[in-house]
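Taking it in order: structure first as structure tokens, then the write-up.
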Amino acid sequence: MKLVTWNVNSLTARWERVEEWVQRNEPDVLCLQETKQDDAKFPFEGFAALGYEAVHHGEGRWNGVAIASRVGIDEVRRGFGTKEDADGARMIAAVCGGVEVVCCYVPNGRALDDPFYVKKLAWLDALAADVGHVDADRALAVVGDFNVAPADLDVWDPAALEGSTHVTPPERDRVAALCALGLVDVIRSTHGDEQLFTWWDYRNGAFHRGFGMRIDLVLCSARILDGVERAYVDREARKGQKPSDHAPVVVDFKLTAPR
DNA sequence: ATGTCCCAACTTTTGGGA
């Protein structure tokens, strides 16, 4: 199964790029964040023409998450059913081809002294509560834009980010807490100490200067990790005309039998 | 210190957010 997460920064603005990327890369399951559409505007027909069923948790101007699948979509959930759902349309989950997929757009946090930073931490706590215990026979992938760089290796210059969100111990502790439940950061676990980024600011020529962060993650259960054949960031998708500021993260795996 | 992009609207310019 080829599972992909991609923050597209408006699916309206990005549709041609997404369509082309899907045709070229043929993912089985595509998780999208920041669709920035309401459900009426979401391109259900466009995905159907490509051979995908899609589900969307839309909002309008901000946020919005979706899952497109060509291996089935069942047991769809939109939000946690907790007060954190008031922070926007940021989570959609479904079972696709026997895999539990949780697609997340974690609140940015804005600044350390901003109320949204506290909401970001609470949202990550709600996600951990929603995930629950990850036992050995569970096939689960929690993916998306976490707006957290798990380690200093995951940012171009830790010193430049002092006092900013995305790198603070409380944020990183939340990602570590998800891993403590039984999830593994697939890109990190398959790439040793290689520095890889998934997001580069549009400003400052950041992409070409290598000023990026790895904030888009695929966290998966041991059962998924067992079958991983390839995991990578598609930097090419950040190039060219009208790119998103995020690159897709791709994990290709064979679903193994329960342990 | 902030050089871009995207969206909405009291919409053709501005402000919020990332």
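Scheme for the structure tokens: letters A, B, ... for chains in order shown; per-chain residue numbers from 1; ligand numbers from 1 in order shown.
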Alpha helix (DSSP H) call set, DSSP backbone run, stretch 69-253 of chain A, as a VMD selection string: chain A and resid 115 to 131 169 to 180 186 to 190 206 to 209 222 to 226
Distance-based interface of chain B with chain A, 9 Å, counting only C-alpha atoms (C1' of nucleotides), as a list in words: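 Selected residues: DT2, DG3, DT4, DC5, DC6, DC7, DA8, DG17 and DA18 of chain B.
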Hey, what's within 9 Å of A:Pro27 if we count only C-alpha atoms (C1' of nucleotides) and toss same-chain stuff fewer than 4 positions away? As a tab-separated table (two decimals) with N, CA, C and O atoms, in the first residue's frame, please?
chain	number	residue	atom	x	y	z
A	1	MET	N	0.84	-1.20	0.00
A	1	MET	CA	0.00	0.00	0.00
A	1	MET	C	0.87	1.25	0.00
A	1	MET	O	1.80	1.35	0.79
A	2	LYS	N	0.59	2.14	-0.91
A	2	LYS	CA	1.30	3.41	-0.95
A	2	LYS	C	0.44	4.47	-0.26
A	2	LYS	O	-0.62	4.83	-0.76
A	3	LEU	N	0.93	4.90	0.91
A	3	LEU	CA	0.21	5.86	1.75
A	3	LEU	C	0.96	7.19	1.72
A	3	LEU	O	2.18	7.22	1.90
A	4	VAL	N	0.21	8.26	1.49
A	4	VAL	CA	0.83	9.59	1.31
A	4	VAL	C	0.14	10.61	2.20
A	4	VAL	O	-1.09	10.57	2.36
A	22	VAL	N	-1.00	12.73	-8.47
A	22	VAL	CA	-1.70	11.46	-8.25
A	22	VAL	C	-1.57	10.57	-9.48
A	22	VAL	O	-1.30	9.36	-9.36
A	23	GLN	N	-1.72	11.15	-10.66
A	23	GLN	CA	-1.60	10.35	-11.89
A	23	GLN	C	-0.21	9.75	-12.02
A	23	GLN	O	-0.04	8.62	-12.43
A	69	SER	N	-8.95	7.51	-1.41
A	69	SER	CA	-8.48	6.11	-1.37
A	69	SER	C	-8.98	5.35	-2.59
A	69	SER	O	-10.11	5.55	-3.04
A	70	ARG	N	-8.13	4.46	-3.08
A	70	ARG	CA	-8.60	3.54	-4.13
A	70	ARG	C	-8.65	2.11	-3.59
A	70	ARG	O	-8.75	1.16	-4.36
A	250	VAL	N	5.78	9.96	1.51
A	250	VAL	CA	5.27	8.71	0.93
A	250	VAL	C	5.80	7.52	1.72
A	250	VAL	O	7.00	7.44	1.98
A	252	ASP	N	5.54	3.34	1.44
A	252	ASP	CA	5.10	2.18	0.66
A	252	ASP	C	5.33	0.93	1.53
A	252	ASP	O	6.45	0.72	1.98
Close residues, stretch 235-237 of chain A itself excluded, 9 Å, only C-alpha atoms (C1' of nucleotides), min 4 positions apart in chain, as a list of chain:residue names: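 Surrounding residues, per the criterion: A:Arg17, A:Trp21, A:Phe197, A:Thr198, A:Pro243, A:Ser244, A:His246, A:Ala247, A:Pro248.
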Go ahead and write the selection's residues with all heavy atoms as a tab-separated table (two decimals), in the first residue's frame.
chain	number	residue	atom	x	y	z
A	17	ARG	N	-1.91	20.58	-9.60
A	17	ARG	CA	-0.68	19.92	-9.12
A	17	ARG	C	-1.01	18.58	-8.46
A	17	ARG	O	-0.29	17.60	-8.65
A	17	ARG	CB	0.05	20.82	-8.11
A	17	ARG	CG	0.67	22.08	-8.70
A	17	ARG	CD	1.90	21.79	-9.55
A	17	ARG	NE	2.96	21.07	-8.90
A	17	ARG	CZ	4.16	21.56	-8.62
A	17	ARG	NH1	4.45	22.83	-8.88
A	17	ARG	NH2	5.09	20.80	-8.07
A	21	TRP	N	0.12	14.93	-9.75
A	21	TRP	CA	0.94	14.12	-8.85
A	21	TRP	C	0.31	12.75	-8.62
A	21	TRP	O	1.00	11.72	-8.61
A	21	TRP	CB	1.14	14.86	-7.51
A	21	TRP	CG	2.23	14.26	-6.67
A	21	TRP	CD1	3.55	14.62	-6.68
A	21	TRP	CD2	2.09	13.18	-5.74
A	21	TRP	NE1	4.25	13.82	-5.79
A	21	TRP	CE2	3.38	12.93	-5.20
A	21	TRP	CE3	1.02	12.41	-5.30
A	21	TRP	CZ2	3.62	11.94	-4.25
A	21	TRP	CZ3	1.26	11.41	-4.36
A	21	TRP	CH2	2.55	11.19	-3.84
A	197	PHE	N	13.63	17.49	5.05
A	197	PHE	CA	12.60	18.48	5.34
A	197	PHE	C	11.35	18.20	4.51
A	197	PHE	O	11.42	17.60	3.44
A	197	PHE	CB	13.10	19.90	5.03
A	197	PHE	CG	14.34	20.30	5.80
A	197	PHE	CD1	15.31	21.08	5.22
A	197	PHE	CD2	14.51	19.88	7.12
A	197	PHE	CE1	16.45	21.44	5.93
A	197	PHE	CE2	15.64	20.23	7.83
A	197	PHE	CZ	16.62	21.03	7.23
A	198	THR	N	10.21	18.67	5.03
A	198	THR	CA	8.94	18.52	4.31
A	198	THR	C	8.27	19.86	4.05
A	198	THR	O	7.28	19.93	3.34
A	198	THR	CB	7.95	17.65	5.10
A	198	THR	OG1	7.59	18.34	6.31
A	198	THR	CG2	8.55	16.29	5.43
A	243	PRO	N	3.69	25.59	-6.41
A	243	PRO	CA	3.79	24.46	-5.49
A	243	PRO	C	3.13	24.80	-4.16
A	243	PRO	O	3.00	25.96	-3.79
A	243	PRO	CB	5.29	24.29	-5.31
A	243	PRO	CG	5.81	25.70	-5.41
A	243	PRO	CD	4.94	26.39	-6.43
A	244	SER	N	2.75	23.77	-3.42
A	244	SER	CA	2.46	23.95	-2.00
A	244	SER	C	3.77	24.27	-1.30
A	244	SER	O	4.85	24.01	-1.84
A	244	SER	CB	1.86	22.67	-1.43
A	244	SER	OG	1.79	22.75	0.00
A	246	HIS	N	4.55	22.67	1.29
A	246	HIS	CA	4.89	21.36	1.85
A	246	HIS	C	5.11	20.36	0.72
A	246	HIS	O	4.46	20.44	-0.32
A	246	HIS	CB	3.76	20.82	2.72
A	246	HIS	CG	3.47	21.62	3.94
A	246	HIS	ND1	3.77	21.18	5.21
A	246	HIS	CD2	2.88	22.84	4.10
A	246	HIS	CE1	3.38	22.09	6.10
A	246	HIS	NE2	2.83	23.10	5.45
A	247	ALA	N	5.97	19.38	0.98
A	247	ALA	CA	6.17	18.26	0.06
A	247	ALA	C	5.43	17.03	0.59
A	247	ALA	O	5.27	16.89	1.80
A	247	ALA	CB	7.66	17.95	-0.08
A	248	PRO	N	5.01	16.15	-0.32
A	248	PRO	CA	4.36	14.91	0.14
A	248	PRO	C	5.35	13.97	0.81
A	248	PRO	O	6.51	13.91	0.43
A	248	PRO	CB	3.85	14.28	-1.16
A	248	PRO	CG	4.00	15.31	-2.23
A	248	PRO	CD	5.07	16.24	-1.78
Point-to-point distance from atom CA of A:Met91 to atom C1' of B:DA9, Å rounded to tenths: 27.8 Å
Between atom CA of A:Asp28 and atom CA of A:Ala68 - distance in Å to one decimal: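 These two atoms are separated by 8.1 Å.
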Close residues, A:Pro158 itself excluded, 12 Å, only C-alpha atoms (C1' of nucleotides), min 6 positions apart in chain, as number ranges by chain: A: 149-152, 164-168, 211-213
